[in-house]
Amino acid sequence: MLGAMALPASGAAQTTAASPAITRTVIAATKLPTVIDVPLHFKAVSITLQPDERSSVSAGNGILYQISGSTEVALDGEAKMLNAGEGLFIAGGKTAALTAGRGGPSTFLHFLLAPAGDLGRPAETAPAAVRELYHTANSIPDLKPGGYDLNLTRVTFPAQMPSNPPHHRSGAALYFVISGTGANTVDGKTESRGPGSVIYEPYALVHQWGNPGNEPLIFLAFNINPEGVAAVLPGAPAKKQ
């Protein structure tokens, strides 16, 4: 009896816990009726405002992502406070007023779909400290007539996560690594991508992501895809923030 009773307990003790899953969170999203009126580029900048400093932004379609501190964004008669990890879409042609919180400097990223003529022009006005992180040398190729989905998604790979199967980019994307070090494989070549890395993925690019490190890999993906077509980002179905 005792031996028979011990067997189930031993089996339960040997049960292997499920591996942590890749998670994706949509930070901000919108739909664009067309993206072919003018050639468009991806652009990413980092902005810092000192406590209580004010700036404004007027540019092409883009999404803000708060890295640290806080920023009040006044747009279309409404104000929203962005805290770390939050974001907001600002439509092209709109002007938003930005005010840094009082608790310390405000640092945020601005991901943009920018026409060539705007690449050299800071979107945020003084006294904002603006640092360009990246812009595509050529306009985004293979954009077609019809509506497009534009979103910013935060992706988290748990530590020691093997690379996912090769998958292709259905639209185009700009990645920014927030923390951790990822293994990014393109055309069979794997490179380490650490904090601050910016990676451009054009249409149809076959790629893989993994996390060989001992801490989570967290990155942002600024995506543009034909309306109704999945972005083909790694991980589980995205949840809305």
# chains A, B, ... in the order shown; residues from 1 in each chain; ligands from 1

$ residues_around --residues "Pro226 in chain A" --least-positions-apart "5" --cutoff "7 Å" --atoms "only C-alpha atoms" --output "list in words"
Gly147, Tyr148, Asp149 and Gly171 of chain A

$ select_by_dssp --residues "range 28-148 of chain A" --states "strand (DSSP E or B)" --output "mmCIF file with N, CA, C and O atoms, in the first residue's frame"
data_model
loop_
_atom_site.group_PDB
_atom_site.id
_atom_site.type_symbol
_atom_site.label_atom_id
_atom_site.label_comp_id
_atom_site.auth_asym_id
_atom_site.auth_seq_id
_atom_site.Cartn_x
_atom_site.Cartn_y
_atom_site.Cartn_z
ATOM 1 N N ALA A 28 0.308 51.159 -28.997
ATOM 2 C CA ALA A 28 -0.573 52.105 -29.695
ATOM 3 C C ALA A 28 -0.741 51.612 -31.123
ATOM 4 O O ALA A 28 0.164 50.980 -31.685
ATOM 5 N N ALA A 29 -1.900 51.896 -31.709
ATOM 6 C CA ALA A 29 -2.184 51.412 -33.063
ATOM 7 C C ALA A 29 -3.181 52.329 -33.748
ATOM 8 O O ALA A 29 -3.975 53.020 -33.096
ATOM 9 N N THR A 30 -3.130 52.326 -35.081
ATOM 10 C CA THR A 30 -4.092 53.084 -35.867
ATOM 11 C C THR A 30 -4.183 52.453 -37.251
ATOM 12 O O THR A 30 -3.421 51.545 -37.592
ATOM 13 N N LYS A 31 -5.111 52.959 -38.052
ATOM 14 C CA LYS A 31 -5.258 52.532 -39.438
ATOM 15 C C LYS A 31 -5.028 53.730 -40.350
ATOM 16 O O LYS A 31 -5.534 54.824 -40.083
ATOM 17 N N LEU A 32 -4.245 53.504 -41.401
ATOM 18 C CA LEU A 32 -3.943 54.560 -42.363
ATOM 19 C C LEU A 32 -4.643 54.237 -43.681
ATOM 20 O O LEU A 32 -4.465 53.135 -44.223
ATOM 21 N N LEU A 40 7.823 57.073 -48.229
ATOM 22 C CA LEU A 40 7.940 57.184 -46.781
ATOM 23 C C LEU A 40 9.185 56.463 -46.263
ATOM 24 O O LEU A 40 9.599 55.442 -46.810
ATOM 25 N N HIS A 41 9.730 57.018 -45.196
ATOM 26 C CA HIS A 41 10.877 56.425 -44.511
ATOM 27 C C HIS A 41 10.483 56.111 -43.067
ATOM 28 O O HIS A 41 9.609 56.766 -42.487
ATOM 29 N N PHE A 42 11.167 55.143 -42.459
ATOM 30 C CA PHE A 42 11.122 54.969 -41.018
ATOM 31 C C PHE A 42 12.161 55.895 -40.396
ATOM 32 O O PHE A 42 13.277 56.057 -40.919
ATOM 33 N N LYS A 43 11.792 56.475 -39.267
ATOM 34 C CA LYS A 43 12.720 57.309 -38.508
ATOM 35 C C LYS A 43 12.453 57.098 -37.027
ATOM 36 O O LYS A 43 11.299 56.972 -36.610
ATOM 37 N N ALA A 44 13.518 57.062 -36.230
ATOM 38 C CA ALA A 44 13.370 56.928 -34.780
ATOM 39 C C ALA A 44 14.297 57.925 -34.098
ATOM 40 O O ALA A 44 15.481 58.041 -34.460
ATOM 41 N N VAL A 45 13.758 58.658 -33.135
ATOM 42 C CA VAL A 45 14.550 59.629 -32.374
ATOM 43 C C VAL A 45 14.306 59.441 -30.885
ATOM 44 O O VAL A 45 13.281 58.900 -30.469
ATOM 45 N N SER A 46 15.284 59.884 -30.099
ATOM 46 C CA SER A 46 15.158 59.907 -28.647
ATOM 47 C C SER A 46 15.077 61.357 -28.202
ATOM 48 O O SER A 46 15.855 62.198 -28.667
ATOM 49 N N ILE A 47 14.145 61.669 -27.312
ATOM 50 C CA ILE A 47 13.917 63.040 -26.864
ATOM 51 C C ILE A 47 14.001 63.102 -25.341
ATOM 52 O O ILE A 47 13.474 62.227 -24.644
ATOM 53 N N THR A 48 14.660 64.142 -24.843
ATOM 54 C CA THR A 48 14.724 64.379 -23.395
ATOM 55 C C THR A 48 14.255 65.793 -23.103
ATOM 56 O O THR A 48 14.696 66.761 -23.744
ATOM 57 N N LEU A 49 13.335 65.887 -22.159
ATOM 58 C CA LEU A 49 12.883 67.172 -21.624
ATOM 59 C C LEU A 49 13.198 67.209 -20.141
ATOM 60 O O LEU A 49 12.966 66.225 -19.423
ATOM 61 N N ARG A 54 8.701 72.533 -21.678
ATOM 62 C CA ARG A 54 7.627 72.376 -22.645
ATOM 63 C C ARG A 54 8.182 72.388 -24.065
ATOM 64 O O ARG A 54 9.129 73.119 -24.369
ATOM 65 N N SER A 55 7.571 71.591 -24.897
ATOM 66 C CA SER A 55 7.937 71.512 -26.298
ATOM 67 C C SER A 55 6.660 71.248 -27.079
ATOM 68 O O SER A 55 5.574 71.097 -26.503
ATOM 69 N N SER A 56 6.779 71.194 -28.381
ATOM 70 C CA SER A 56 5.643 70.791 -29.212
ATOM 71 C C SER A 56 6.159 69.889 -30.322
ATOM 72 O O SER A 56 7.358 69.884 -30.635
ATOM 73 N N VAL A 57 5.247 69.128 -30.916
ATOM 74 C CA VAL A 57 5.638 68.222 -31.980
ATOM 75 C C VAL A 57 4.605 68.290 -33.094
ATOM 76 O O VAL A 57 3.401 68.296 -32.849
ATOM 77 N N SER A 58 5.097 68.368 -34.324
ATOM 78 C CA SER A 58 4.243 68.340 -35.509
ATOM 79 C C SER A 58 5.042 67.647 -36.599
ATOM 80 O O SER A 58 6.092 68.143 -37.013
ATOM 81 N N GLY A 62 3.129 59.111 -36.376
ATOM 82 C CA GLY A 62 4.138 58.541 -35.494
ATOM 83 C C GLY A 62 3.574 58.140 -34.147
ATOM 84 O O GLY A 62 2.425 58.434 -33.812
ATOM 85 N N ILE A 63 4.395 57.433 -33.368
ATOM 86 C CA ILE A 63 4.000 56.947 -32.048
ATOM 87 C C ILE A 63 5.091 57.289 -31.040
ATOM 88 O O ILE A 63 6.278 57.029 -31.281
ATOM 89 N N LEU A 64 4.690 57.896 -29.930
ATOM 90 C CA LEU A 64 5.593 58.171 -28.810
ATOM 91 C C LEU A 64 5.630 56.957 -27.885
ATOM 92 O O LEU A 64 4.618 56.276 -27.696
ATOM 93 N N TYR A 65 6.804 56.715 -27.266
ATOM 94 C CA TYR A 65 6.938 55.652 -26.259
ATOM 95 C C TYR A 65 7.758 56.210 -25.112
ATOM 96 O O TYR A 65 8.927 56.602 -25.285
ATOM 97 N N GLN A 66 7.175 56.253 -23.919
ATOM 98 C CA GLN A 66 7.844 56.824 -22.756
ATOM 99 C C GLN A 66 8.840 55.825 -22.167
ATOM 100 O O GLN A 66 8.470 54.705 -21.801
ATOM 101 N N ILE A 67 10.108 56.229 -22.083
ATOM 102 C CA ILE A 67 11.158 55.377 -21.521
ATOM 103 C C ILE A 67 11.287 55.586 -20.015
ATOM 104 O O ILE A 67 11.312 54.628 -19.232
ATOM 105 N N SER A 68 11.379 56.840 -19.590
ATOM 106 C CA SER A 68 11.516 57.147 -18.164
ATOM 107 C C SER A 68 10.915 58.513 -17.890
ATOM 108 O O SER A 68 10.754 59.333 -18.798
ATOM 109 N N SER A 70 7.930 61.150 -17.029
ATOM 110 C CA SER A 70 6.562 61.248 -17.538
ATOM 111 C C SER A 70 6.438 62.476 -18.429
ATOM 112 O O SER A 70 7.195 63.445 -18.296
ATOM 113 N N THR A 71 5.457 62.418 -19.341
ATOM 114 C CA THR A 71 5.208 63.525 -20.262
ATOM 115 C C THR A 71 3.711 63.697 -20.442
ATOM 116 O O THR A 71 3.003 62.730 -20.747
ATOM 117 N N GLU A 72 3.236 64.926 -20.238
ATOM 118 C CA GLU A 72 1.843 65.226 -20.549
ATOM 119 C C GLU A 72 1.767 65.628 -22.021
ATOM 120 O O GLU A 72 2.494 66.511 -22.478
ATOM 121 N N VAL A 73 0.869 64.956 -22.753
ATOM 122 C CA VAL A 73 0.682 65.242 -24.176
ATOM 123 C C VAL A 73 -0.711 65.832 -24.365
ATOM 124 O O VAL A 73 -1.715 65.180 -24.082
ATOM 125 N N ALA A 74 -0.766 67.087 -24.816
ATOM 126 C CA ALA A 74 -2.045 67.751 -25.085
ATOM 127 C C ALA A 74 -2.287 67.726 -26.586
ATOM 128 O O ALA A 74 -1.486 68.246 -27.365
ATOM 129 N N LEU A 75 -3.419 67.110 -26.987
ATOM 130 C CA LEU A 75 -3.708 66.913 -28.398
ATOM 131 C C LEU A 75 -5.208 66.970 -28.614
ATOM 132 O O LEU A 75 -5.970 66.307 -27.905
ATOM 133 N N GLU A 78 -7.487 67.458 -25.599
ATOM 134 C CA GLU A 78 -7.408 66.496 -24.500
ATOM 135 C C GLU A 78 -5.953 66.326 -24.087
ATOM 136 O O GLU A 78 -5.036 66.485 -24.893
ATOM 137 N N ALA A 79 -5.745 65.985 -22.818
ATOM 138 C CA ALA A 79 -4.400 65.787 -22.291
ATOM 139 C C ALA A 79 -4.274 64.375 -21.731
ATOM 140 O O ALA A 79 -5.189 63.875 -21.073
ATOM 141 N N LYS A 80 -3.139 63.756 -22.012
ATOM 142 C CA LYS A 80 -2.860 62.426 -21.485
ATOM 143 C C LYS A 80 -1.456 62.406 -20.916
ATOM 144 O O LYS A 80 -0.518 62.910 -21.533
ATOM 145 N N MET A 81 -1.317 61.831 -19.723
ATOM 146 C CA MET A 81 -0.012 61.700 -19.100
ATOM 147 C C MET A 81 0.579 60.349 -19.469
ATOM 148 O O MET A 81 -0.012 59.305 -19.204
ATOM 149 N N LEU A 82 1.742 60.381 -20.108
ATOM 150 C CA LEU A 82 2.444 59.152 -20.453
ATOM 151 C C LEU A 82 3.461 58.834 -19.369
ATOM 152 O O LEU A 82 4.342 59.650 -19.072
ATOM 153 N N ASN A 83 3.343 57.652 -18.787
ATOM 154 C CA ASN A 83 4.326 57.145 -17.830
ATOM 155 C C ASN A 83 5.173 56.080 -18.515
ATOM 156 O O ASN A 83 4.869 55.630 -19.621
ATOM 157 N N GLY A 87 2.449 54.624 -24.437
ATOM 158 C CA GLY A 87 2.675 55.295 -25.713
ATOM 159 C C GLY A 87 1.414 55.944 -26.248
ATOM 160 O O GLY A 87 0.319 55.766 -25.710
ATOM 161 N N LEU A 88 1.571 56.691 -27.347
ATOM 162 C CA LEU A 88 0.446 57.419 -27.922
ATOM 163 C C LEU A 88 0.714 57.668 -29.402
ATOM 164 O O LEU A 88 1.823 58.075 -29.792
ATOM 165 N N PHE A 89 -0.298 57.451 -30.236
ATOM 166 C CA PHE A 89 -0.217 57.770 -31.660
ATOM 167 C C PHE A 89 -0.535 59.247 -31.869
ATOM 168 O O PHE A 89 -1.485 59.778 -31.304
ATOM 169 N N ILE A 90 0.271 59.896 -32.708
ATOM 170 C CA ILE A 90 0.023 61.288 -33.111
ATOM 171 C C ILE A 90 -0.067 61.306 -34.627
ATOM 172 O O ILE A 90 0.889 60.942 -35.330
ATOM 173 N N THR A 95 -0.636 68.924 -34.248
ATOM 174 C CA THR A 95 0.365 69.505 -33.357
ATOM 175 C C THR A 95 0.010 69.159 -31.923
ATOM 176 O O THR A 95 -1.125 69.397 -31.487
ATOM 177 N N ALA A 96 0.967 68.572 -31.209
ATOM 178 C CA ALA A 96 0.756 68.195 -29.814
ATOM 179 C C ALA A 96 1.701 69.000 -28.931
ATOM 180 O O ALA A 96 2.865 69.229 -29.293
ATOM 181 N N ALA A 97 1.197 69.440 -27.770
ATOM 182 C CA ALA A 97 2.018 70.136 -26.785
ATOM 183 C C ALA A 97 2.542 69.118 -25.778
ATOM 184 O O ALA A 97 1.786 68.283 -25.278
ATOM 185 N N LEU A 98 3.828 69.188 -25.484
ATOM 186 C CA LEU A 98 4.487 68.236 -24.586
ATOM 187 C C LEU A 98 4.998 68.970 -23.362
ATOM 188 O O LEU A 98 5.672 70.002 -23.475
ATOM 189 N N THR A 99 4.703 68.425 -22.177
ATOM 190 C CA THR A 99 5.192 69.002 -20.925
ATOM 191 C C THR A 99 5.765 67.895 -20.071
ATOM 192 O O THR A 99 5.066 66.919 -19.751
ATOM 193 N N ALA A 100 7.032 68.017 -19.708
ATOM 194 C CA ALA A 100 7.673 67.010 -18.871
ATOM 195 C C ALA A 100 7.135 67.069 -17.451
ATOM 196 O O ALA A 100 6.809 68.143 -16.935
ATOM 197 N N SER A 106 12.275 63.761 -18.477
ATOM 198 C CA SER A 106 11.407 62.897 -19.270
ATOM 199 C C SER A 106 12.166 62.458 -20.516
ATOM 200 O O SER A 106 12.657 63.288 -21.278
ATOM 201 N N THR A 107 12.268 61.144 -20.716
ATOM 202 C CA THR A 107 12.918 60.611 -21.908
ATOM 203 C C THR A 107 11.926 59.711 -22.626
ATOM 204 O O THR A 107 11.334 58.817 -22.015
ATOM 205 N N PHE A 108 11.730 59.971 -23.916
ATOM 206 C CA PHE A 108 10.808 59.148 -24.689
ATOM 207 C C PHE A 108 11.347 58.964 -26.107
ATOM 208 O O PHE A 108 12.239 59.694 -26.567
ATOM 209 N N LEU A 109 10.818 57.972 -26.791
ATOM 210 C CA LEU A 109 11.166 57.701 -28.179
ATOM 211 C C LEU A 109 10.029 58.155 -29.074
ATOM 212 O O LEU A 109 8.861 58.134 -28.672
ATOM 213 N N HIS A 110 10.368 58.543 -30.293
ATOM 214 C CA HIS A 110 9.362 58.916 -31.281
ATOM 215 C C HIS A 110 9.667 58.135 -32.555
ATOM 216 O O HIS A 110 10.721 58.309 -33.176
ATOM 217 N N PHE A 111 8.756 57.242 -32.918
ATOM 218 C CA PHE A 111 8.874 56.453 -34.139
ATOM 219 C C PHE A 111 7.989 57.103 -35.193
ATOM 220 O O PHE A 111 6.803 57.359 -34.939
ATOM 221 N N LEU A 112 8.554 57.322 -36.396
ATOM 222 C CA LEU A 112 7.853 58.109 -37.405
ATOM 223 C C LEU A 112 7.835 57.431 -38.767
ATOM 224 O O LEU A 112 8.790 56.743 -39.155
ATOM 225 N N LEU A 113 6.730 57.660 -39.493
ATOM 226 C CA LEU A 113 6.672 57.441 -40.934
ATOM 227 C C LEU A 113 6.877 58.818 -41.557
ATOM 228 O O LEU A 113 5.976 59.657 -41.525
ATOM 229 N N ALA A 114 8.063 59.056 -42.095
ATOM 230 C CA ALA A 114 8.418 60.414 -42.497
ATOM 231 C C ALA A 114 8.725 60.497 -43.982
ATOM 232 O O ALA A 114 9.466 59.656 -44.511
ATOM 233 N N PRO A 115 8.189 61.505 -44.684
ATOM 234 C CA PRO A 115 8.632 61.752 -46.060
ATOM 235 C C PRO A 115 10.085 62.217 -46.060
ATOM 236 O O PRO A 115 10.596 62.707 -45.041
ATOM 237 N N GLU A 124 10.365 67.606 -32.708
ATOM 238 C CA GLU A 124 10.115 68.317 -31.452
ATOM 239 C C GLU A 124 10.859 69.647 -31.441
ATOM 240 O O GLU A 124 12.004 69.743 -31.906
ATOM 241 N N ALA A 129 15.832 68.125 -26.179
ATOM 242 C CA ALA A 129 17.095 67.583 -26.676
ATOM 243 C C ALA A 129 16.768 66.368 -27.527
ATOM 244 O O ALA A 129 16.284 65.349 -27.007
ATOM 245 N N VAL A 130 16.991 66.482 -28.836
ATOM 246 C CA VAL A 130 16.585 65.438 -29.784
ATOM 247 C C VAL A 130 17.836 64.752 -30.342
ATOM 248 O O VAL A 130 18.765 65.414 -30.808
ATOM 249 N N ARG A 131 17.815 63.414 -30.299
ATOM 250 C CA ARG A 131 18.930 62.629 -30.835
ATOM 251 C C ARG A 131 18.381 61.592 -31.806
ATOM 252 O O ARG A 131 17.576 60.743 -31.418
ATOM 253 N N GLU A 132 18.783 61.691 -33.065
ATOM 254 C CA GLU A 132 18.320 60.711 -34.043
ATOM 255 C C GLU A 132 18.985 59.359 -33.794
ATOM 256 O O GLU A 132 20.209 59.270 -33.637
ATOM 257 N N LEU A 133 18.166 58.316 -33.771
ATOM 258 C CA LEU A 133 18.658 56.961 -33.591
ATOM 259 C C LEU A 133 18.856 56.245 -34.921
ATOM 260 O O LEU A 133 19.782 55.454 -35.081
ATOM 261 N N TYR A 134 17.964 56.527 -35.882
ATOM 262 C CA TYR A 134 18.029 55.800 -37.149
ATOM 263 C C TYR A 134 17.035 56.409 -38.127
ATOM 264 O O TYR A 134 15.990 56.926 -37.729
ATOM 265 N N HIS A 135 17.376 56.348 -39.411
ATOM 266 C CA HIS A 135 16.368 56.525 -40.456
ATOM 267 C C HIS A 135 16.777 55.676 -41.651
ATOM 268 O O HIS A 135 17.971 55.441 -41.885
ATOM 269 N N TYR A 148 -3.545 50.497 -44.452
ATOM 270 C CA TYR A 148 -2.463 49.835 -43.715
ATOM 271 C C TYR A 148 -2.706 49.974 -42.214
ATOM 272 O O TYR A 148 -3.269 50.964 -41.745
#

$ closest_residue --among "A:Asp37, A:Asp76, A:Asp52, A:Asp187" --to "His167 in chain A" --atoms "only C-alpha atoms"
A:Asp187

$ residues_around --residues "His168 in chain A" --least-positions-apart "5" --cutoff "6 Å" --atoms "only C-alpha atoms" --output "ChimeraX atom specification"
/A:204-206

$ closest_residue --among "A:Ala59, A:Glu215, A:Glu53, A:Asn225" --to "Leu150 in chain A" --atoms "only C-alpha atoms"
A:Asn225

$ residues_around --residues "Ser197 in chain A" --least-positions-apart "2" --cutoff "10 Å" --atoms "only C-alpha atoms" --output "MDAnalysis selection string"
chainID A and resid 133:134 175:179 181:182 192:195 199 219

$ residues_around --residues "Leu174 in chain A" --least-positions-apart "2" --cutoff "8 Å" --atoms "only C-alpha atoms" --output "JSON, numbers by chain"
{"A": [42, 172, 176, 198, 199, 200, 201, 221, 222, 223]}

$ closest_residue --among "A:Gly85, A:Pro39, A:Gly77, A:Gly180" --to "Thr153 in chain A" --atoms "only C-alpha atoms"
A:Gly85

$ residues_around --residues "Pro145 in chain A" --least-positions-apart "2" --cutoff "8 Å" --atoms "only C-alpha atoms" --output "PyMOL selection string"
chain A and resi 34-36+143+147

$ atom_distance --atom1 "CA of Glu191 in chain A" --atom2 "CA of Trp209 in chain A"
9.9 Å

$ closest_residue --among "A:Asp118, A:His207, A:Pro105, A:Ile27" --to "Asn61 in chain A" --atoms "only C-alpha atoms"
A:Asp118
